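Below: model_31.csv (CSV, C-alpha atoms)
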chain,number,residue,atom,x,y,z
A,1,MET,CA,26.3,-8.0,3.3
A,2,ALA,CA,25.9,-5.2,0.7
A,3,LEU,CA,22.5,-4.5,-0.9
A,4,ARG,CA,22.9,-4.6,-4.6
A,5,ILE,CA,20.7,-2.1,-6.5
A,6,LEU,CA,20.3,-2.1,-10.3
A,7,VAL,CA,18.9,1.1,-11.8
A,8,VAL,CA,17.3,0.6,-15.2
A,9,ASP,CA,16.4,3.9,-16.9
A,10,ASP,CA,17.1,5.4,-20.3
A,11,SER,CA,17.6,8.9,-18.9
A,12,ALA,CA,21.2,9.7,-18.2
A,13,VAL,CA,20.0,12.4,-15.8
A,14,VAL,CA,18.0,10.0,-13.7
A,15,ARG,CA,20.8,7.4,-13.6
A,16,GLN,CA,23.3,10.0,-12.5
A,17,SER,CA,20.7,11.3,-9.9
A,18,MET,CA,20.3,7.9,-8.4
A,19,LEU,CA,24.0,7.3,-8.2
A,20,MET,CA,24.4,10.6,-6.4
A,21,LEU,CA,21.5,9.7,-4.2
A,22,LEU,CA,22.7,6.3,-3.2
A,23,GLU,CA,26.4,6.0,-3.6
A,24,HIS,CA,27.1,7.2,0.0
A,25,VAL,CA,24.4,5.1,1.7
A,26,PRO,CA,26.2,2.5,3.9
A,27,GLY,CA,25.7,-1.1,2.7
A,28,MET,CA,24.4,-0.3,-0.8
A,29,VAL,CA,26.1,-1.0,-4.1
A,30,VAL,CA,24.6,0.6,-7.2
A,31,GLU,CA,24.8,-0.3,-10.8
A,32,VAL,CA,23.0,1.3,-13.7
A,33,ALA,CA,21.7,0.1,-17.1
A,34,SER,CA,20.2,2.3,-19.9
A,35,ASP,CA,17.6,-0.4,-20.9
A,36,PRO,CA,16.4,-3.9,-20.0
A,37,PHE,CA,18.7,-5.6,-22.5
A,38,ILE,CA,21.8,-4.2,-20.9
A,39,ALA,CA,20.2,-5.0,-17.5
A,40,GLN,CA,19.8,-8.6,-18.5
A,41,GLN,CA,23.4,-8.9,-19.4
A,42,LYS,CA,24.5,-7.3,-16.1
A,43,MET,CA,22.2,-9.7,-14.1
A,44,LYS,CA,24.0,-12.7,-15.6
A,45,SER,CA,27.2,-11.7,-13.7
A,46,HIS,CA,25.7,-10.0,-10.6
A,47,ARG,CA,22.2,-10.7,-9.6
A,48,PRO,CA,20.8,-7.5,-7.9
A,49,ASP,CA,18.7,-7.6,-4.7
A,50,VAL,CA,16.4,-4.9,-6.0
A,51,ILE,CA,15.7,-3.3,-9.4
A,52,LEU,CA,14.8,0.3,-9.7
A,53,LEU,CA,12.9,0.4,-12.9
A,54,ASP,CA,11.7,3.1,-15.4
A,55,LEU,CA,8.6,2.2,-17.3
A,56,GLU,CA,9.0,4.2,-20.6
A,57,MET,CA,12.1,3.1,-22.5
A,58,PRO,CA,12.6,2.7,-26.3
A,59,ARG,CA,13.9,-0.8,-26.9
A,60,MET,CA,11.8,-2.6,-24.3
A,61,ASP,CA,9.3,-0.9,-22.0
A,62,GLY,CA,9.5,-1.5,-18.3
A,63,LEU,CA,6.2,-3.3,-18.0
A,64,THR,CA,7.3,-6.0,-20.4
A,65,PHE,CA,10.6,-6.4,-18.5
A,66,LEU,CA,8.7,-6.6,-15.2
A,67,ARG,CA,6.5,-9.4,-16.6
A,68,GLN,CA,9.7,-11.3,-17.6
A,69,LEU,CA,11.2,-10.9,-14.2
A,70,MET,CA,8.0,-12.0,-12.4
A,71,ARG,CA,8.0,-15.3,-14.4
A,72,GLU,CA,11.2,-16.3,-12.7
A,73,ASP,CA,11.0,-18.9,-9.9
A,74,GLU,CA,12.5,-16.3,-7.5
A,75,PRO,CA,11.9,-12.9,-9.0
A,76,VAL,CA,14.0,-9.9,-8.1
A,77,PRO,CA,11.9,-7.3,-6.2
A,78,VAL,CA,11.1,-4.3,-8.4
A,79,VAL,CA,10.6,-0.7,-7.3
A,80,VAL,CA,9.0,1.4,-10.1
A,81,CYS,CA,10.5,4.8,-10.8
A,82,SER,CA,7.8,6.7,-12.7
A,83,GLY,CA,6.6,10.2,-13.6
A,84,LEU,CA,3.7,11.8,-11.8
A,85,ALA,CA,1.3,12.8,-14.4
A,86,GLY,CA,-1.2,11.3,-16.9
A,87,PRO,CA,-0.7,7.9,-18.5
A,88,GLY,CA,2.6,7.4,-16.5
A,89,SER,CA,0.7,7.1,-13.2
A,90,GLU,CA,-1.8,4.7,-14.7
A,91,THR,CA,1.0,2.5,-16.1
A,92,ALA,CA,2.7,2.5,-12.7
A,93,VAL,CA,-0.4,1.2,-11.1
A,94,ARG,CA,-0.6,-1.6,-13.6
A,95,ALA,CA,3.1,-2.4,-12.8
A,96,LEU,CA,2.0,-2.8,-9.1
A,97,GLU,CA,-0.6,-5.3,-10.3
A,98,GLU,CA,2.1,-7.1,-12.3
A,99,GLY,CA,4.3,-7.6,-9.2
A,100,ALA,CA,6.2,-4.4,-8.5
A,101,VAL,CA,6.3,-3.7,-4.7
A,102,GLU,CA,6.6,0.0,-4.6
A,103,ILE,CA,6.4,3.3,-6.6
A,104,ILE,CA,8.7,6.3,-6.2
A,105,THR,CA,8.4,9.5,-8.2
A,106,LYS,CA,11.0,10.2,-11.0
A,107,PRO,CA,13.3,13.1,-10.6
A,108,THR,CA,12.3,16.1,-12.7
A,109,LEU,CA,14.5,19.1,-13.7
A,110,GLY,CA,14.8,20.0,-10.0
A,111,VAL,CA,17.2,17.2,-9.3
A,112,GLY,CA,18.7,19.0,-6.3
A,113,ASP,CA,15.3,19.2,-4.6
A,114,PHE,CA,14.7,15.5,-5.4
A,115,LEU,CA,18.0,14.6,-3.8
A,116,ARG,CA,17.3,16.6,-0.6
A,117,GLU,CA,13.6,15.6,-0.2
A,118,SER,CA,13.5,12.0,-1.4
A,119,ARG,CA,16.6,10.3,-0.3
A,120,SER,CA,15.3,8.8,2.9
A,121,ARG,CA,12.0,7.7,1.3
A,122,LEU,CA,13.9,6.1,-1.6
A,123,VAL,CA,16.3,4.3,0.7
A,124,GLU,CA,13.4,3.0,2.8
A,125,ALA,CA,11.6,1.8,-0.3
A,126,LEU,CA,14.6,-0.1,-1.6
A,127,ARG,CA,15.3,-1.7,1.8
A,128,SER,CA,11.7,-2.6,2.1
A,129,ALA,CA,11.6,-4.2,-1.3
A,130,ALA,CA,14.7,-6.2,-0.5
A,131,ARG,CA,12.8,-7.8,2.4
A,132,SER,CA,9.7,-8.4,0.3
A,133,ARG,CA,8.3,-11.5,-1.3
A,134,PRO,CA,6.9,-10.1,-4.5
A,135,ARG,CA,4.9,-13.1,-5.8
A,136,LEU,CA,3.8,-14.7,-2.6
A,137,ALA,CA,0.7,-12.6,-2.0
A,138,ARG,CA,-0.5,-13.1,-5.6
A,139,ARG,CA,0.0,-16.9,-5.3
A,140,ALA,CA,-1.8,-17.3,-2.0
A,141,ALA,CA,-4.9,-19.4,-2.4
A,142,PRO,CA,-8.1,-17.7,-1.1
A,143,VAL,CA,-9.6,-19.0,2.1
A,144,PRO,CA,-13.2,-20.3,1.8
A,145,VAL,CA,-15.8,-17.8,2.9
A,146,GLU,CA,-17.0,-20.2,5.6
A,147,VAL,CA,-13.7,-20.0,7.5
A,148,VAL,CA,-14.3,-19.9,11.3
A,149,VAL,CA,-13.4,-16.7,12.9
A,150,PRO,CA,-13.2,-16.6,16.8
A,151,GLU,CA,-16.0,-14.8,18.5
A,152,ARG,CA,-15.3,-11.4,19.9
A,153,PRO,CA,-15.4,-11.1,23.7
A,154,GLU,CA,-18.7,-9.9,25.2
A,155,ARG,CA,-18.8,-6.1,25.6
A,156,PRO,CA,-21.1,-3.8,27.6
A,157,ALA,CA,-24.3,-2.9,25.8
A,158,PRO,CA,-23.7,0.1,23.6
A,159,SER,CA,-25.7,3.3,23.8
A,160,LEU,CA,-28.7,4.0,21.5
A,161,LEU,CA,-26.6,6.5,19.6
A,162,THR,CA,-23.9,3.9,18.9
A,163,VAL,CA,-26.5,1.4,17.7
A,164,THR,CA,-28.2,3.7,15.3
A,165,THR,CA,-25.1,5.1,13.5
A,166,ASP,CA,-23.5,3.6,10.4
A,167,LYS,CA,-20.6,1.2,10.3
A,168,VAL,CA,-17.2,2.2,9.1
A,169,VAL,CA,-14.2,0.0,8.0
A,170,ALA,CA,-10.8,1.5,8.2
A,171,VAL,CA,-7.9,-0.1,6.3
A,172,GLY,CA,-4.2,0.6,6.2
A,173,ALA,CA,-1.5,-0.8,3.9
A,174,SER,CA,1.9,-0.1,2.5
A,175,THR,CA,4.4,-2.2,0.6
A,176,GLY,CA,2.4,-4.9,-1.3
A,177,GLY,CA,-0.8,-3.3,-0.3
A,178,THR,CA,-2.1,-2.5,-3.8
A,179,GLU,CA,-2.6,-6.1,-4.6
A,180,ALA,CA,-3.8,-6.9,-1.0
A,181,LEU,CA,-6.4,-4.1,-1.3
A,182,ARG,CA,-7.6,-5.5,-4.6
A,183,GLN,CA,-8.2,-8.9,-3.0
A,184,LEU,CA,-9.9,-7.2,-0.1
A,185,LEU,CA,-12.3,-5.1,-2.1
A,186,GLU,CA,-13.2,-7.3,-5.1
A,187,PRO,CA,-15.4,-9.6,-3.0
A,188,MET,CA,-17.2,-6.7,-1.3
A,189,PRO,CA,-21.0,-6.6,-2.1
A,190,PRO,CA,-22.7,-3.3,-3.1
A,191,ASP,CA,-24.3,-3.1,0.4
A,192,CYS,CA,-21.0,-3.5,2.3
A,193,PRO,CA,-20.2,-0.9,5.0
A,194,GLY,CA,-18.3,2.2,4.0
A,195,LEU,CA,-14.5,1.9,3.8
A,196,VAL,CA,-11.8,4.5,4.4
A,197,ILE,CA,-8.3,3.5,3.2
A,198,VAL,CA,-4.8,4.7,3.5
A,199,GLN,CA,-2.3,3.1,1.1
A,200,HIS,CA,1.2,4.6,1.2
A,201,MET,CA,1.6,6.0,-2.3
A,202,PRO,CA,3.0,9.2,-3.8
A,203,GLU,CA,0.9,12.1,-4.7
A,204,GLN,CA,-1.2,11.8,-7.9
A,205,PHE,CA,-0.7,8.0,-8.1
A,206,THR,CA,-3.6,7.4,-5.7
A,207,SER,CA,-6.1,8.8,-8.2
A,208,ALA,CA,-5.1,6.3,-10.9
A,209,PHE,CA,-5.1,3.5,-8.2
A,210,ALA,CA,-8.6,4.4,-7.1
A,211,LYS,CA,-9.8,4.5,-10.7
A,212,ARG,CA,-8.3,1.1,-11.4
A,213,LEU,CA,-10.0,-0.5,-8.4
A,214,ASN,CA,-13.3,1.2,-9.3
A,215,GLU,CA,-13.1,-0.7,-12.7
A,216,LEU,CA,-12.4,-4.0,-11.0
A,217,CYS,CA,-14.8,-3.9,-8.0
A,218,ARG,CA,-18.6,-4.0,-7.5
A,219,ILE,CA,-18.5,-1.1,-5.1
A,220,GLU,CA,-17.5,2.5,-5.8
A,221,VAL,CA,-13.9,3.3,-5.2
A,222,LYS,CA,-12.7,6.9,-5.4
A,223,GLU,CA,-9.9,9.1,-4.2
A,224,ALA,CA,-11.3,10.9,-1.1
A,225,ALA,CA,-12.2,14.6,-1.2
A,226,SER,CA,-13.0,16.7,1.9
A,227,GLY,CA,-16.7,16.4,2.7
A,228,ASP,CA,-17.1,12.9,1.1
A,229,ARG,CA,-19.6,10.8,3.1
A,230,VAL,CA,-18.6,7.3,4.3
A,231,GLN,CA,-21.5,5.2,3.0
A,232,GLN,CA,-22.5,1.7,2.0
A,233,GLY,CA,-20.9,0.4,-1.1
A,234,ARG,CA,-18.2,3.0,-1.2
A,235,ALA,CA,-14.4,3.0,-0.5
A,236,LEU,CA,-12.6,6.2,-0.1
A,237,ILE,CA,-8.8,6.2,-0.6
A,238,ALA,CA,-6.6,8.9,0.9
A,239,PRO,CA,-4.8,11.0,-1.7
A,240,GLY,CA,-1.0,11.0,-1.6
A,241,ASN,CA,0.4,13.7,0.6
A,242,ARG,CA,-2.8,14.3,2.5
A,243,HIS,CA,-3.9,12.7,5.8
A,244,LEU,CA,-7.4,11.2,5.9
A,245,TRP,CA,-9.5,12.1,8.9
A,246,VAL,CA,-13.0,10.7,9.7
A,247,GLN,CA,-15.5,12.6,11.8
A,248,ARG,CA,-19.0,12.1,12.9
A,249,SER,CA,-21.8,14.1,11.1
A,250,GLY,CA,-25.0,13.4,13.0
A,251,GLY,CA,-25.6,9.6,12.5
A,252,HIS,CA,-23.1,9.4,9.7
A,253,TYR,CA,-19.5,9.9,9.0
A,254,ARG,CA,-17.6,12.3,6.6
A,255,VAL,CA,-13.9,12.6,5.8
A,256,GLU,CA,-11.6,15.6,5.8
A,257,LEU,CA,-8.2,15.9,4.2
A,258,LEU,CA,-5.4,17.4,6.4
A,259,ASP,CA,-2.3,19.0,5.1
A,260,SER,CA,-0.2,18.6,8.2
A,261,GLU,CA,3.2,17.1,9.1
A,262,ARG,CA,4.1,13.5,8.5
A,263,VAL,CA,3.0,11.0,11.2
A,264,SER,CA,4.8,7.8,11.8
A,265,GLY,CA,7.0,8.8,8.9
A,266,HIS,CA,4.1,9.0,6.4
A,267,LYS,CA,1.6,11.3,4.7
A,268,PRO,CA,-1.0,9.9,4.5
A,269,SER,CA,-0.6,8.0,7.8
A,270,VAL,CA,-2.5,5.0,8.8
A,271,ASP,CA,-2.2,6.1,12.5
A,272,VAL,CA,-4.0,9.4,11.7
A,273,LEU,CA,-6.8,7.5,10.0
A,274,PHE,CA,-7.2,4.9,12.8
A,275,HIS,CA,-7.1,7.4,15.6
A,276,SER,CA,-9.8,9.5,13.9
A,277,VAL,CA,-12.0,6.4,13.4
A,278,ALA,CA,-11.6,5.3,17.0
A,279,ARG,CA,-12.7,8.7,18.2
A,280,ALA,CA,-15.6,9.1,15.7
A,281,ALA,CA,-17.0,5.5,15.5
A,282,GLY,CA,-15.7,3.6,18.4
A,283,ALA,CA,-17.4,0.1,18.6
A,284,ASN,CA,-19.1,0.8,15.2
A,285,ALA,CA,-15.8,0.4,13.4
A,286,VAL,CA,-13.6,-2.4,12.0
A,287,GLY,CA,-9.9,-1.8,11.7
A,288,VAL,CA,-7.7,-3.8,9.2
A,289,LEU,CA,-3.9,-3.6,8.9
A,290,LEU,CA,-2.4,-5.1,5.8
A,291,THR,CA,1.1,-5.8,4.5
A,292,GLY,CA,3.7,-3.1,4.8
A,293,MET,CA,7.1,-2.0,6.1
A,294,GLY,CA,7.5,-0.3,9.5
A,295,ASP,CA,4.9,0.2,12.2
A,296,ASP,CA,2.5,2.9,10.9
A,297,GLY,CA,-1.0,1.9,12.0
A,298,ALA,CA,0.0,-0.3,14.9
A,299,ASP,CA,-0.7,2.3,17.6
A,300,GLY,CA,-3.8,3.4,15.8
A,301,LEU,CA,-5.2,-0.1,15.6
A,302,LEU,CA,-4.7,-0.5,19.4
A,303,THR,CA,-6.6,2.7,20.0
A,304,MET,CA,-9.4,1.3,17.8
A,305,LYS,CA,-9.5,-1.9,19.8
A,306,LEU,CA,-9.6,0.0,23.1
A,307,ALA,CA,-12.5,2.0,21.7
A,308,GLY,CA,-14.4,-1.2,21.1
A,309,ALA,CA,-13.8,-1.7,17.4
A,310,ALA,CA,-13.1,-5.1,15.9
A,311,THR,CA,-9.4,-5.3,14.8
A,312,ILE,CA,-7.8,-7.5,12.2
A,313,ALA,CA,-4.2,-7.9,11.0
A,314,GLN,CA,-3.0,-9.8,8.0
A,315,ASP,CA,-0.9,-12.9,8.8
A,316,GLU,CA,2.8,-13.3,8.0
A,317,ALA,CA,2.3,-16.1,5.3
A,318,THR,CA,0.3,-13.8,3.0
A,319,CYS,CA,2.1,-10.5,3.6
A,320,VAL,CA,4.6,-9.2,1.0
A,321,VAL,CA,6.3,-7.4,4.0
A,322,PHE,CA,5.3,-8.5,7.5
A,323,GLY,CA,6.1,-5.2,9.2
A,324,MET,CA,3.0,-3.2,10.1
A,325,PRO,CA,0.9,-6.2,11.0
A,326,ARG,CA,3.7,-7.6,13.1
A,327,ALA,CA,4.0,-4.4,15.0
A,328,ALA,CA,0.3,-4.4,15.7
A,329,ILE,CA,0.2,-8.0,16.8
A,330,GLU,CA,3.2,-7.4,19.2
A,331,ARG,CA,1.3,-4.5,20.7
A,332,GLY,CA,-1.8,-6.7,21.3
A,333,ALA,CA,-3.8,-4.5,18.9
A,334,ALA,CA,-5.2,-7.3,16.6
A,335,GLU,CA,-8.1,-9.4,17.8
A,336,ASP,CA,-7.7,-11.6,14.8
A,337,VAL,CA,-4.7,-12.5,12.6
A,338,LEU,CA,-6.0,-13.8,9.3
A,339,PRO,CA,-4.7,-14.8,5.8
A,340,LEU,CA,-5.5,-12.2,3.2
A,341,GLY,CA,-8.2,-14.4,1.5
A,342,ALA,CA,-10.2,-14.6,4.8
A,343,ILE,CA,-10.2,-10.9,5.6
A,344,SER,CA,-13.1,-9.7,3.4
A,345,SER,CA,-15.6,-12.2,4.8
A,346,ALA,CA,-14.4,-11.5,8.4
A,347,VAL,CA,-14.9,-7.7,7.9
A,348,LEU,CA,-18.4,-8.3,6.7
A,349,ARG,CA,-19.2,-10.5,9.7
A,350,ARG,CA,-17.7,-8.1,12.2
A,351,ALA,CA,-19.5,-5.1,10.7
A,352,ARG,CA,-22.9,-6.9,10.8
A,353,LYS,CA,-22.6,-7.7,14.6
Go ahead and render the structure in this file as structure tokens.
Amino acid sequence: MALRILVVDDSAVVRQSMLMLLEHVPGMVVEVASDPFIAQQKMKSHRPDVILLDLEMPRMDGLTFLRQLMREDEPVPVVVCSGLAGPGSETAVRALEEGAVEIITKPTLGVGDFLRESRSRLVEALRSAARSRPRLARRAAPVPVEVVVPERPERPAPSLLTVTTDKVVAVGASTGGTEALRQLLEPMPPDCPGLVIVQHMPEQFTSAFAKRLNELCRIEVKEAASGDRVQQGRALIAPGNRHLWVQRSGGHYRVELLDSERVSGHKPSVDVLFHSVARAAGANAVGVLLTGMGDDGADGLLTMKLAGAATIAQDEATCVVFGMPRAAIERGAAEDVLPLGAISSAVLRRARK
């Protein structure tokens, strides 16, 4: 069955670019609309499977249209198409909070380069969105803090060096992860262990995302920079288009940003982060794999488990897309499979052991 895509953008250049980009993709049917009012009329006759939505339009802005869509009983999944810089990136992050499942960067004057470089990522984003449940994670009721988590198996006594080093929590997420990360980080107390996070997101959007989380959370949240220390009460988020690598520095940990090839199809890659944490922290780490399409992070989470770390995967019921956690569970990488609302308290308990 064909996947119906509705592109809503007031730019004729962008609409034409998307048609050129998608018209030859097998199994996709693409329609365009120059604003939300025209889109609403088209949706009456043909309901799309995914909407590719601009945010800045004259008659009705995309954020308002998105809110209308999310009020429906079965909302159409929305992928935001936004510019990279300034207020546009901040508005795109707000759109993710409102229920959009993904962000892609808008074509600029170099449309040819966009077509060559971004087609596979755009197609993956649209197919991922079509499989998503855009409201489920936001509706899921939090699990009480006193939820019982199974005890970890007994392990050999760690060395003195391991005992005296700090704890580190490594987290990976993709589609639907912006809302999942908010729910994970908001309950964290100021003395929580240091967190390192990879969220699949285009370059420059991660800065606005980190800034937004920093406004909402009791802990410090910032876009990671090379040399940043992993410390209590701080979460470091990998910048778009850079891998995040954790290394030991005496009894502590610091991060480095790597500009190397994509791993598991992504940059930043969850696998790169998890493998580095397994190597640097071993049993002093907790690994968490949240909602997302594909399998990035599954192998890395298994490596963390084999190194003695506690490992957690988000359960299917609370995932927007049950791809990455499923892959980890199938590999035997997750010690615990928990609903999103239970993960924060489980991380704190694991880190304190």
Nearest to Cys319 of chain A by atom-to-atom distance, counting only C-alpha atoms, from A:Gly282, A:Gly292, A:Gly99, A:Pro77: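 Among the listed residues, A:Gly292 lies closest to Cys319 of chain A.
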When you look at segment 123-134 of chain A with a cut-off of 10 Å (counting all atoms listed in the file), what residues show up, excluding the ones that are within fewer than 6 positions of it in the same chain? I need them as a PyMOL selection string. chain A and resi 3-5+21-22+25+28+48-52+70+74-79+96+98-104+175-176+291-294+318-323
Go ahead and save the residues from that selection, with C-alpha atoms, as a PDB file, keeping the file's coordinate frame.
ATOM      1  CA  LEU A   3      22.500  -4.500  -0.900  1.00  0.00           C
ATOM      2  CA  ARG A   4      22.900  -4.600  -4.600  1.00  0.00           C
ATOM      3  CA  ILE A   5      20.700  -2.100  -6.500  1.00  0.00           C
ATOM      4  CA  LEU A  21      21.500   9.700  -4.200  1.00  0.00           C
ATOM      5  CA  LEU A  22      22.700   6.300  -3.200  1.00  0.00           C
ATOM      6  CA  VAL A  25      24.400   5.100   1.700  1.00  0.00           C
ATOM      7  CA  MET A  28      24.400  -0.300  -0.800  1.00  0.00           C
ATOM      8  CA  PRO A  48      20.800  -7.500  -7.900  1.00  0.00           C
ATOM      9  CA  ASP A  49      18.700  -7.600  -4.700  1.00  0.00           C
ATOM     10  CA  VAL A  50      16.400  -4.900  -6.000  1.00  0.00           C
ATOM     11  CA  ILE A  51      15.700  -3.300  -9.400  1.00  0.00           C
ATOM     12  CA  LEU A  52      14.800   0.300  -9.700  1.00  0.00           C
ATOM     13  CA  MET A  70       8.000 -12.000 -12.400  1.00  0.00           C
ATOM     14  CA  GLU A  74      12.500 -16.300  -7.500  1.00  0.00           C
ATOM     15  CA  PRO A  75      11.900 -12.900  -9.000  1.00  0.00           C
ATOM     16  CA  VAL A  76      14.000  -9.900  -8.100  1.00  0.00           C
ATOM     17  CA  PRO A  77      11.900  -7.300  -6.200  1.00  0.00           C
ATOM     18  CA  VAL A  78      11.100  -4.300  -8.400  1.00  0.00           C
ATOM     19  CA  VAL A  79      10.600  -0.700  -7.300  1.00  0.00           C
ATOM     20  CA  LEU A  96       2.000  -2.800  -9.100  1.00  0.00           C
ATOM     21  CA  GLU A  98       2.100  -7.100 -12.300  1.00  0.00           C
ATOM     22  CA  GLY A  99       4.300  -7.600  -9.200  1.00  0.00           C
ATOM     23  CA  ALA A 100       6.200  -4.400  -8.500  1.00  0.00           C
ATOM     24  CA  VAL A 101       6.300  -3.700  -4.700  1.00  0.00           C
ATOM     25  CA  GLU A 102       6.600   0.000  -4.600  1.00  0.00           C
ATOM     26  CA  ILE A 103       6.400   3.300  -6.600  1.00  0.00           C
ATOM     27  CA  ILE A 104       8.700   6.300  -6.200  1.00  0.00           C
ATOM     28  CA  THR A 175       4.400  -2.200   0.600  1.00  0.00           C
ATOM     29  CA  GLY A 176       2.400  -4.900  -1.300  1.00  0.00           C
ATOM     30  CA  THR A 291       1.100  -5.800   4.500  1.00  0.00           C
ATOM     31  CA  GLY A 292       3.700  -3.100   4.800  1.00  0.00           C
ATOM     32  CA  MET A 293       7.100  -2.000   6.100  1.00  0.00           C
ATOM     33  CA  GLY A 294       7.500  -0.300   9.500  1.00  0.00           C
ATOM     34  CA  THR A 318       0.300 -13.800   3.000  1.00  0.00           C
ATOM     35  CA  CYS A 319       2.100 -10.500   3.600  1.00  0.00           C
ATOM     36  CA  VAL A 320       4.600  -9.200   1.000  1.00  0.00           C
ATOM     37  CA  VAL A 321       6.300  -7.400   4.000  1.00  0.00           C
ATOM     38  CA  PHE A 322       5.300  -8.500   7.500  1.00  0.00           C
ATOM     39  CA  GLY A 323       6.100  -5.200   9.200  1.00  0.00           C
TER      40      GLY A 323
END
At a cut-off of 10 Å, using only C-alpha atoms, what residues contact Leu184 of chain A? Leave out same-chain residues fewer than 3 positions from it and give the result as a list in words.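 Counting only C-alpha atoms, the residues come to Val171, Gly177, Thr178, Glu179, Ala180, Leu181, Pro187, Met188, Cys217, Leu290, Leu340, Gly341, Ala342, Ile343, Ser344, Ser345 and Val347 of chain A.
With only C-alpha atoms as the atoms that count, the minimum distance from Leu258 of chain A to the choices A:Gly172, A:Gly240, A:Gly83, A:Pro58 is reached by A:Gly240.
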What's the separation between atom CA of Gln231 of chain A and atom CA of Phe209 of chain A, in Å to one decimal place?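 Separation between atom CA of Gln231 of chain A and atom CA of Phe209 of chain A: 19.9 Å.
Atom CA of Gly250 of chain A is positioned 24.7 Å from atom CA of Val288 of chain A.
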Given the choices A:Pro36, A:Gly300, A:Pro26, A:Pro190, which gets closest to Leu348 of chain A if the distance is worked out from only C-alpha atoms?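 Going through A:Pro36, A:Gly300, A:Pro26, A:Pro190 one by one, the smallest distance to Leu348 of chain A is for A:Pro190.
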Find the distance between atom CA of Met18 of chain A and atom CA of Ser34 of chain A and write it in Å to one decimal. 12.8 Å
List as a list in words the protein and nucleic acid residues near Glu90 of chain A, meaning an atom at most 9 Å away when all atoms listed in the file are counted, but skip any in the same chain fewer than 5 places from it.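 So, after excluding close chain neighbours, the residues are Ala85, Ala95, Phe205, Ser207, Ala208, Phe209, Lys211 and Arg212 of chain A.
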Find the residues around Asp35 of chain A up to 9 Å (only C-alpha atoms counted), leave out those fewer than 4 positions away in its own chain, and share them as a PyMOL selection string. chain A and resi 8-10+39-40+54+57-62
Which residue, A:Ile219, A:Ser82, A:Phe37, A:Leu338, has the smallest gap to Phe65 of chain A when you use all atoms listed in the file?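 Closest candidate: A:Phe37.
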Env of Val32 of chain A: 7 Å cut, atoms = only C-alpha atoms, seq-sep filter 5 positions within chain, self excluded. Answer as number ranges by chain. A: 6-8, 15
Using only C-alpha atoms, collect all residues at a distance of at most 9 Å from (5.7, 9.1, 0.3) as written in the file, then present them as a CSV table (one decimal) with C-alpha atoms, in the frame of the given file.
chain,number,residue,atom,x,y,z
A,104,ILE,CA,8.7,6.3,-6.2
A,105,THR,CA,8.4,9.5,-8.2
A,118,SER,CA,13.5,12.0,-1.4
A,121,ARG,CA,12.0,7.7,1.3
A,122,LEU,CA,13.9,6.1,-1.6
A,200,HIS,CA,1.2,4.6,1.2
A,201,MET,CA,1.6,6.0,-2.3
A,202,PRO,CA,3.0,9.2,-3.8
A,203,GLU,CA,0.9,12.1,-4.7
A,240,GLY,CA,-1.0,11.0,-1.6
A,241,ASN,CA,0.4,13.7,0.6
A,265,GLY,CA,7.0,8.8,8.9
A,266,HIS,CA,4.1,9.0,6.4
A,267,LYS,CA,1.6,11.3,4.7
A,268,PRO,CA,-1.0,9.9,4.5
